[in-house]
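input.csv (CSV, C-alpha atoms) appears below.
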chain,number,residue,atom,x,y,z
A,752,MET,CA,56.6,-26.1,-100.8
A,753,ASN,CA,56.1,-22.8,-98.9
A,754,PRO,CA,57.7,-20.3,-98.4
A,755,SER,CA,59.3,-20.5,-101.9
A,756,THR,CA,62.5,-18.5,-101.0
A,757,LEU,CA,64.9,-18.3,-98.1
A,758,LYS,CA,64.2,-14.6,-97.8
A,759,GLU,CA,60.5,-15.2,-97.3
A,760,ALA,CA,61.2,-18.0,-94.9
A,761,LYS,CA,63.5,-15.9,-92.8
A,762,ALA,CA,61.0,-13.1,-92.7
A,763,LEU,CA,58.3,-15.4,-91.5
A,764,ASN,CA,60.5,-17.2,-89.1
A,765,ASP,CA,61.9,-14.0,-87.6
A,766,GLY,CA,58.3,-12.6,-87.2
A,767,ILE,CA,57.3,-15.6,-85.2
A,768,LYS,CA,60.5,-15.8,-83.2
A,769,LYS,CA,60.2,-12.2,-82.1
A,770,LYS,CA,56.7,-12.7,-80.7
A,771,MET,CA,57.4,-16.1,-79.1
A,772,VAL,CA,58.9,-14.4,-76.0
A,773,ALA,CA,55.3,-13.6,-74.9
A,774,ILE,CA,54.3,-17.3,-75.2
A,775,LYS,CA,54.7,-18.9,-71.8
A,776,LYS,CA,52.9,-22.3,-71.8
A,777,THR,CA,52.3,-23.5,-75.4
A,778,THR,CA,54.9,-25.5,-77.3
A,779,VAL,CA,55.3,-24.4,-80.9
A,780,VAL,CA,57.0,-26.5,-83.6
A,781,LEU,CA,57.8,-25.0,-87.0
A,782,CYS,CA,58.3,-27.4,-89.9
A,783,PRO,CA,59.8,-25.4,-92.8
A,784,PRO,CA,61.1,-26.9,-96.0
A,785,SER,CA,64.1,-28.9,-94.9
A,786,ILE,CA,66.5,-27.0,-97.2
A,787,PHE,CA,65.9,-24.0,-95.0
A,788,LEU,CA,66.0,-25.7,-91.6
A,789,THR,CA,69.6,-25.1,-90.5
A,790,THR,CA,69.5,-21.4,-91.4
A,791,LEU,CA,66.1,-20.8,-89.7
A,792,LYS,CA,66.7,-22.7,-86.5
A,793,GLY,CA,69.6,-20.6,-85.2
A,794,LYS,CA,69.2,-19.5,-81.6
A,795,SER,CA,65.9,-18.6,-80.0
A,796,SER,CA,65.2,-16.8,-76.7
A,797,SER,CA,62.0,-18.9,-76.3
A,798,LYS,CA,62.2,-22.3,-74.6
A,799,LYS,CA,58.9,-23.2,-76.2
A,800,LEU,CA,60.0,-23.0,-79.9
A,801,PHE,CA,61.2,-26.1,-81.7
A,802,TYR,CA,61.8,-27.2,-85.3
A,803,GLY,CA,61.1,-30.2,-87.4
A,804,ALA,CA,60.6,-31.6,-90.9
A,805,GLN,CA,57.6,-32.1,-93.1
A,806,SER,CA,58.8,-35.6,-94.0
A,807,VAL,CA,61.8,-37.9,-93.7
A,808,GLY,CA,63.1,-40.9,-95.6
A,809,LYS,CA,62.0,-44.4,-94.7
A,810,GLU,CA,65.5,-45.9,-94.6
A,811,LYS,CA,68.2,-45.3,-92.0
A,812,SER,CA,70.9,-44.6,-94.6
A,813,GLY,CA,72.2,-45.7,-98.0
A,814,ALA,CA,71.9,-44.9,-101.7
A,815,PHE,CA,68.5,-43.2,-101.7
A,816,THR,CA,69.0,-40.0,-103.7
A,817,GLY,CA,67.0,-37.1,-102.6
A,818,GLU,CA,65.9,-38.6,-99.3
A,819,ILE,CA,66.6,-37.0,-95.9
A,820,ALA,CA,67.6,-39.4,-93.2
A,821,VAL,CA,66.3,-39.0,-89.7
A,822,SER,CA,69.9,-38.7,-88.5
A,823,MET,CA,70.4,-35.7,-90.9
A,824,LEU,CA,67.3,-34.0,-89.5
A,825,LYS,CA,68.5,-34.5,-85.9
A,826,ASN,CA,72.0,-33.2,-86.8
A,827,ALA,CA,70.3,-30.1,-88.3
A,828,GLY,CA,68.6,-29.5,-85.0
A,829,GLY,CA,65.2,-30.9,-85.8
A,830,THR,CA,63.4,-32.7,-83.0
A,831,TYR,CA,60.0,-33.4,-84.7
A,832,SER,CA,58.8,-34.6,-88.0
A,833,LEU,CA,55.4,-34.9,-89.7
A,834,VAL,CA,54.7,-38.5,-90.9
A,835,GLY,CA,51.9,-39.6,-93.2
A,836,HIS,CA,50.5,-36.2,-94.0
A,837,SER,CA,47.6,-36.5,-96.3
A,838,GLU,CA,49.5,-34.8,-99.1
A,839,ARG,CA,52.4,-37.3,-98.7
A,840,ARG,CA,49.9,-40.2,-98.7
A,841,ALA,CA,48.3,-38.8,-101.9
A,842,MET,CA,51.8,-38.9,-103.5
A,843,GLY,CA,52.0,-42.6,-102.8
A,844,GLU,CA,53.2,-42.9,-99.2
A,845,THR,CA,51.9,-46.2,-97.8
A,846,ASP,CA,51.1,-47.3,-94.2
A,847,ASP,CA,54.2,-49.5,-94.4
A,848,ASP,CA,56.3,-46.4,-95.3
A,849,VAL,CA,54.7,-44.5,-92.4
A,850,SER,CA,55.4,-47.3,-90.0
A,851,LYS,CA,59.1,-47.4,-91.0
A,852,LYS,CA,59.4,-43.6,-90.6
A,853,VAL,CA,57.8,-43.6,-87.2
A,854,GLY,CA,60.1,-46.4,-86.0
A,855,LEU,CA,63.2,-44.6,-87.2
A,856,LEU,CA,62.2,-41.3,-85.7
A,857,VAL,CA,61.5,-42.8,-82.3
A,858,ALA,CA,64.8,-44.7,-82.4
A,859,GLU,CA,66.6,-41.4,-82.9
A,860,ASN,CA,64.5,-39.6,-80.1
A,861,VAL,CA,62.8,-37.4,-82.7
A,862,HIS,CA,59.1,-37.0,-82.1
A,863,PRO,CA,56.9,-38.3,-85.0
A,864,VAL,CA,53.7,-36.3,-85.6
A,865,LEU,CA,51.6,-39.2,-87.1
A,866,CYS,CA,48.8,-37.8,-89.3
A,867,VAL,CA,45.7,-39.8,-89.7
A,868,GLY,CA,42.3,-39.0,-91.2
A,869,GLU,CA,39.5,-40.2,-93.4
A,870,LYS,CA,38.8,-39.0,-96.9
A,871,GLU,CA,35.1,-39.1,-96.4
A,872,VAL,CA,32.4,-40.0,-93.9
A,873,ASP,CA,30.0,-42.9,-94.6
A,874,ASP,CA,26.9,-44.1,-92.9
A,875,HIS,CA,28.4,-47.5,-92.0
A,876,ALA,CA,31.3,-46.1,-89.9
A,877,GLY,CA,33.8,-47.2,-92.5
A,878,HIS,CA,35.7,-44.0,-91.9
A,879,LEU,CA,36.4,-45.1,-88.3
A,880,SER,CA,37.8,-48.4,-89.5
A,881,PHE,CA,40.0,-46.4,-92.0
A,882,ILE,CA,41.4,-44.2,-89.1
A,883,LYS,CA,41.9,-47.3,-86.9
A,884,ASN,CA,43.9,-49.1,-89.7
A,885,GLN,CA,46.1,-46.0,-90.2
A,886,LEU,CA,46.8,-45.9,-86.5
A,887,VAL,CA,47.4,-49.7,-86.0
A,888,ARG,CA,49.7,-49.9,-89.1
A,889,GLY,CA,51.5,-46.7,-88.5
A,890,LEU,CA,52.4,-47.6,-85.0
A,891,SER,CA,53.2,-51.3,-85.7
A,892,LEU,CA,56.9,-50.8,-84.7
A,893,ILE,CA,56.2,-48.8,-81.6
A,894,SER,CA,56.3,-50.5,-78.2
A,895,PRO,CA,54.3,-49.3,-75.1
A,896,SER,CA,57.5,-47.8,-73.7
A,897,GLN,CA,57.9,-45.7,-76.8
A,898,ILE,CA,54.4,-44.5,-77.5
A,899,THR,CA,54.6,-41.4,-75.4
A,900,GLN,CA,57.2,-40.0,-77.9
A,901,VAL,CA,54.5,-40.0,-80.6
A,902,ILE,CA,52.0,-37.2,-81.3
A,903,ILE,CA,48.8,-38.0,-83.3
A,904,ALA,CA,47.4,-35.4,-85.7
A,905,TYR,CA,43.9,-36.0,-86.8
A,906,GLU,CA,43.4,-34.3,-90.2
A,907,PRO,CA,40.2,-35.3,-92.1
A,908,VAL,CA,41.2,-35.0,-95.8
A,909,PHE,CA,37.9,-33.4,-96.8
A,910,ALA,CA,38.4,-30.6,-94.3
A,911,ILE,CA,41.8,-29.5,-95.5
A,912,GLY,CA,41.6,-26.2,-97.4
A,913,ALA,CA,37.9,-26.1,-96.8
A,914,LYS,CA,36.1,-22.8,-96.0
A,915,GLU,CA,35.1,-24.2,-92.6
A,916,PRO,CA,36.6,-26.9,-90.4
A,917,ILE,CA,34.5,-29.8,-89.2
A,918,THR,CA,32.5,-29.1,-86.0
A,919,PRO,CA,34.2,-29.2,-82.6
A,920,HIS,CA,31.8,-31.9,-81.6
A,921,THR,CA,32.9,-34.1,-84.5
A,922,ILE,CA,36.6,-33.4,-83.6
A,923,TYR,CA,35.8,-34.5,-80.0
A,924,GLN,CA,34.2,-37.7,-81.2
A,925,ARG,CA,37.3,-38.5,-83.3
A,926,ASN,CA,39.6,-37.6,-80.4
A,927,ILE,CA,37.8,-40.1,-78.2
A,928,PHE,CA,37.9,-42.7,-80.9
A,929,ILE,CA,41.6,-42.3,-81.4
A,930,LYS,CA,42.2,-42.6,-77.6
A,931,LYS,CA,40.1,-45.8,-77.6
A,932,VAL,CA,42.2,-47.3,-80.4
A,933,LEU,CA,45.4,-46.3,-78.6
A,934,ALA,CA,44.1,-47.8,-75.3
A,935,GLU,CA,43.3,-51.1,-77.1
A,936,ILE,CA,47.0,-51.3,-78.3
A,937,TYR,CA,48.9,-49.7,-75.3
A,938,GLY,CA,46.5,-49.6,-72.4
A,939,LYS,CA,44.4,-46.7,-71.1
A,940,ASN,CA,47.2,-45.0,-69.1
A,941,LYS,CA,49.5,-44.8,-72.0
A,942,ALA,CA,46.8,-43.8,-74.4
A,943,PHE,CA,45.9,-40.7,-72.4
A,944,ASP,CA,49.5,-39.6,-72.4
A,945,VAL,CA,49.6,-39.3,-76.2
A,946,PRO,CA,48.9,-35.8,-77.4
A,947,ILE,CA,46.3,-35.5,-80.1
A,948,LEU,CA,46.2,-32.5,-82.5
A,949,TYR,CA,43.6,-31.4,-85.0
A,950,GLY,CA,44.3,-30.1,-88.5
A,951,GLY,CA,42.0,-28.9,-91.3
A,952,SER,CA,41.0,-25.3,-92.0
A,953,VAL,CA,42.5,-24.0,-88.8
A,954,THR,CA,42.7,-20.2,-88.4
A,955,PHE,CA,43.5,-17.8,-85.6
A,956,GLU,CA,39.7,-17.0,-85.5
A,957,ASN,CA,38.6,-20.6,-84.8
A,958,ALA,CA,41.6,-22.0,-82.9
A,959,LYS,CA,40.2,-21.5,-79.4
A,960,THR,CA,36.8,-23.0,-80.3
A,961,LEU,CA,38.4,-26.1,-82.0
A,962,VAL,CA,40.7,-26.8,-79.0
A,963,GLU,CA,38.0,-26.2,-76.4
A,964,GLY,CA,35.2,-28.0,-78.1
A,965,GLY,CA,37.3,-30.8,-79.6
A,966,GLU,CA,39.2,-31.2,-76.3
A,967,VAL,CA,42.4,-31.7,-78.4
A,968,ASP,CA,45.9,-30.9,-77.2
A,969,GLY,CA,46.8,-28.6,-80.0
A,970,LEU,CA,46.5,-27.8,-83.7
A,971,LEU,CA,48.3,-28.7,-87.0
A,972,VAL,CA,48.2,-25.3,-88.8
A,973,GLY,CA,48.3,-24.8,-92.6
A,974,ARG,CA,47.5,-21.5,-94.3
A,975,ASP,CA,47.7,-19.4,-91.2
A,976,SER,CA,51.2,-20.7,-90.5
A,977,LEU,CA,52.4,-18.7,-93.5
A,978,LYS,CA,51.3,-15.4,-91.9
A,979,ALA,CA,53.4,-14.5,-88.9
A,980,ASN,CA,50.8,-12.2,-87.3
A,981,ASN,CA,47.9,-14.7,-87.8
A,982,PHE,CA,50.0,-17.6,-86.5
A,983,ILE,CA,51.1,-15.8,-83.4
A,984,GLU,CA,47.6,-14.7,-82.7
A,985,LEU,CA,46.5,-18.3,-83.0
A,986,VAL,CA,49.2,-19.4,-80.6
A,987,LYS,CA,48.2,-16.7,-78.1
A,988,GLN,CA,44.6,-18.0,-78.3
A,989,ILE,CA,45.9,-21.5,-77.3
A,990,ASP,CA,48.2,-20.1,-74.7
A,991,SER,CA,45.3,-18.5,-72.9
A,992,LEU,CA,43.7,-21.9,-72.5
A,993,SER,CA,46.7,-23.8,-71.1
As structure tokens, what does this structure read like?
Amino acid sequence: MNPSTLKEAKALNDGIKKKMVAIKKTTVVLCPPSIFLTTLKGKSSSKKLFYGAQSVGKEKSGAFTGEIAVSMLKNAGGTYSLVGHSERRAMGETDDDVSKKVGLLVAENVHPVLCVGEKEVDDHAGHLSFIKNQLVRGLSLISPSQITQVIIAYEPVFAIGAKEPITPHTIYQRNIFIKKVLAEIYGKNKAFDVPILYGGSVTFENAKTLVEGGEVDGLLVGRDSLKANNFIELVKQIDSLS
């Protein structure tokens, strides 16, 4: 629920748009509150800047007051949507809900950013089973020919809003584990074509280290996405690696 006003959202959006002309290789997706999306998207001189939603409804259409259909998002110019973010799951979003949303997004050629991640780590690798179940259930409606439309965002719940992210080595381990699960479902070649992001206490100061050490394809940014200068500096750090 940030920014809280259209004025603030426009200032943040304009600050990012203005600096995007210097970004040559890195794709950036902004997911503002959906009520601001049409106003903010407008036109951009950057071919690397896209827009999306923080969530969509789990039904294609109908009498579901307050929900945003995937077709509405697409009509507003959105080409991505987060699905299964930990905060949505905490509000009651189930794996079945996530699966339906992922299926609807792919059917409309909108890229789902499927968020997965454990609440805690245990000594018996139960957290790995937890991640695997989220992946298997969340992707249950997605065929091998569709999986490359999906992006996976690994966001361990315990690292969100923390002072420090988890270590790059741990991110790398989870990255490999997620690829292994995807390979079991879709085959090795398909699995390695699916982008994997990391989210959790990401800042412009640690972005480069997280991507290099974790060998992930990008980042899901929280707090620093609300500060235009910090966010653009973070994107520049990633752009220098591509």
- Taking all atoms listed in the file into account, which of A:Leu879, A:Val972, A:Leu833, A:Val780 comes nearest A:Arg925?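 For A:Arg925, the nearest of the given residues is A:Leu879.
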- Task: Please write as a PyMOL selection string the list of polymer residues whose atoms come within 12 Å of (40.2, -32.4, -75.8), counting all atoms listed in the file and keeping to the coordinates of the file.
- Result: chain A and resi 919-930+943+945-949+959-970+992-993
- Just give me the gap between atom CA of A:Ser832 and atom CA of A:Pro895 in Å, one decimal is fine. 20.1 Å
- Task: Please provide as a list in words all residues within 9 Å of stretch 973-988 of chain A, with the sequence filter that same-chain residues fewer than 5 positions apart are discarded (counting all atoms listed in the file).
- Result: Asn753, Pro754, Ala760, Ala762, Leu763, Asn764, Asp765, Gly766, Ile767, Lys770, Met771, Ala773, Ile774, Thr777, Thr778, Val779, Leu781, Ile911, Gly912, Gly950, Gly951, Ser952, Val953, Thr954, Phe955, Glu956, Asn957, Ala958 and Lys959 of chain A
- Item | For A:Ala934, the nearest of the candidates A:Ala904, A:Cys866, A:Ala913, A:Ile898, counting only C-alpha atoms |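 The closest residue to A:Ala934 is A:Ile898.
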- Query: What would the list of residues within 10 Å of (65.0, -50.2, -94.8) (file frame) look like as a list in words, if all atoms listed in the file are what count?
  - Reply: Gly808, Lys809, Glu810, Lys811, Ser812, Gly813, Asp848, Lys851, Lys852 and Leu855 of chain A
Residues just named, written with C-alpha atoms as a PDB file, in the coordinates of the input:
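The result, stored in again09.pdb:
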ATOM      1  CA  GLY A 808      63.100 -40.900 -95.600  1.00  0.00           C
ATOM      2  CA  LYS A 809      62.000 -44.400 -94.700  1.00  0.00           C
ATOM      3  CA  GLU A 810      65.500 -45.900 -94.600  1.00  0.00           C
ATOM      4  CA  LYS A 811      68.200 -45.300 -92.000  1.00  0.00           C
ATOM      5  CA  SER A 812      70.900 -44.600 -94.600  1.00  0.00           C
ATOM      6  CA  GLY A 813      72.200 -45.700 -98.000  1.00  0.00           C
ATOM      7  CA  ASP A 848      56.300 -46.400 -95.300  1.00  0.00           C
ATOM      8  CA  LYS A 851      59.100 -47.400 -91.000  1.00  0.00           C
ATOM      9  CA  LYS A 852      59.400 -43.600 -90.600  1.00  0.00           C
ATOM     10  CA  LEU A 855      63.200 -44.600 -87.200  1.00  0.00           C
TER      11      LEU A 855
END
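Pairwise distance (atom CA of A:Gly835, atom CA of A:Glu935) equals 21.6 Å.
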- Message: Using only C-alpha atoms for the distances, tell me which of A:Ile936, A:Leu971, A:Ala820, A:Met842 is nearest to A:Arg888.
- Response: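 Once distances to A:Arg888 are computed over only C-alpha atoms, the minimum belongs to A:Ile936.
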- Task: For A:Ala827, please output as a ChimeraX atom specification all residues within 12 Å (counting only C-alpha atoms; exclusion window: fewer than 6 positions along the same chain).
- Result: /A:785-793,801-804,819-821,861
- Neighbour list for A:Val908 as a list in words, cut-off 7 Å, all atoms listed in the file, skip fewer than 3 positions in-chain: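 After dropping sequence-adjacent residues, the list is Ser837, Gly868, Glu869, Lys870 and Ile911 of chain A.
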- Message: One decimal, in Å: what's the spacing between atom CA of A:Gln900 and atom CA of A:Val834?
- Response: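 About the pair atom CA of A:Gln900 and atom CA of A:Val834: they are 13.3 Å apart.
The closest residue to A:Pro783, picked from A:His875, A:Thr756, A:Lys769, A:Ala910 and counting all atoms listed in the file, is A:Thr756.
Shortest atom-to-atom contact with A:Met752 among A:Gln885, A:Gln805, A:Asn940, A:Asn826: A:Gln805, counting all atoms listed in the file.
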- Name the residues in contact with A:Leu890 at a cut-off of 8 Å, using only C-alpha atoms, excluding same-chain residues fewer than 2 positions from it; report them as a PyMOL selection string. chain A and resi 850+853-854+886-888+892-893
Could you complete stretch 834-846 of chain A so that it carries N, CA and C atoms, and give it back as a PDB file, in the coordinates of the input?
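Written out: selection06.pdb:
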ATOM      1  N   VAL A 834      54.650 -37.154 -90.217  1.00  0.00           N
ATOM      2  CA  VAL A 834      54.700 -38.500 -90.900  1.00  0.00           C
ATOM      3  C   VAL A 834      53.291 -38.772 -91.393  1.00  0.00           C
ATOM      4  N   GLY A 835      53.190 -39.178 -92.653  1.00  0.00           N
ATOM      5  CA  GLY A 835      51.900 -39.600 -93.200  1.00  0.00           C
ATOM      6  C   GLY A 835      50.909 -38.484 -93.412  1.00  0.00           C
ATOM      7  N   HIS A 836      51.422 -37.268 -93.638  1.00  0.00           N
ATOM      8  CA  HIS A 836      50.500 -36.200 -94.000  1.00  0.00           C
ATOM      9  C   HIS A 836      49.690 -36.572 -95.200  1.00  0.00           C
ATOM     10  N   SER A 837      48.462 -36.112 -95.266  1.00  0.00           N
ATOM     11  CA  SER A 837      47.600 -36.500 -96.300  1.00  0.00           C
ATOM     12  C   SER A 837      48.134 -36.224 -97.727  1.00  0.00           C
ATOM     13  N   GLU A 838      48.893 -35.136 -97.847  1.00  0.00           N
ATOM     14  CA  GLU A 838      49.500 -34.800 -99.100  1.00  0.00           C
ATOM     15  C   GLU A 838      50.597 -35.779 -99.502  1.00  0.00           C
ATOM     16  N   ARG A 839      51.339 -36.264 -98.501  1.00  0.00           N
ATOM     17  CA  ARG A 839      52.400 -37.300 -98.700  1.00  0.00           C
ATOM     18  C   ARG A 839      51.689 -38.614 -99.121  1.00  0.00           C
ATOM     19  N   ARG A 840      50.610 -38.932 -98.429  1.00  0.00           N
ATOM     20  CA  ARG A 840      49.900 -40.200 -98.700  1.00  0.00           C
ATOM     21  C   ARG A 840      49.329 -40.106-100.163  1.00  0.00           C
ATOM     22  N   ALA A 841      48.851 -38.926-100.578  1.00  0.00           N
ATOM     23  CA  ALA A 841      48.300 -38.800-101.900  1.00  0.00           C
ATOM     24  C   ALA A 841      49.389 -38.957-102.994  1.00  0.00           C
ATOM     25  N   MET A 842      50.651 -38.722-102.603  1.00  0.00           N
ATOM     26  CA  MET A 842      51.800 -38.900-103.500  1.00  0.00           C
ATOM     27  C   MET A 842      52.299 -40.350-103.497  1.00  0.00           C
ATOM     28  N   GLY A 843      51.637 -41.227-102.732  1.00  0.00           N
ATOM     29  CA  GLY A 843      52.000 -42.600-102.800  1.00  0.00           C
ATOM     30  C   GLY A 843      52.580 -43.199-101.492  1.00  0.00           C
ATOM     31  N   GLU A 844      52.690 -42.385-100.429  1.00  0.00           N
ATOM     32  CA  GLU A 844      53.200 -42.900 -99.200  1.00  0.00           C
ATOM     33  C   GLU A 844      52.250 -43.903 -98.571  1.00  0.00           C
ATOM     34  N   THR A 845      52.739 -45.093 -98.279  1.00  0.00           N
ATOM     35  CA  THR A 845      51.900 -46.200 -97.800  1.00  0.00           C
ATOM     36  C   THR A 845      51.949 -46.263 -96.255  1.00  0.00           C
ATOM     37  N   ASP A 846      51.056 -47.068 -95.684  1.00  0.00           N
ATOM     38  CA  ASP A 846      51.100 -47.300 -94.200  1.00  0.00           C
ATOM     39  C   ASP A 846      52.392 -47.969 -93.827  1.00  0.00           C
TER      40      ASP A 846
END
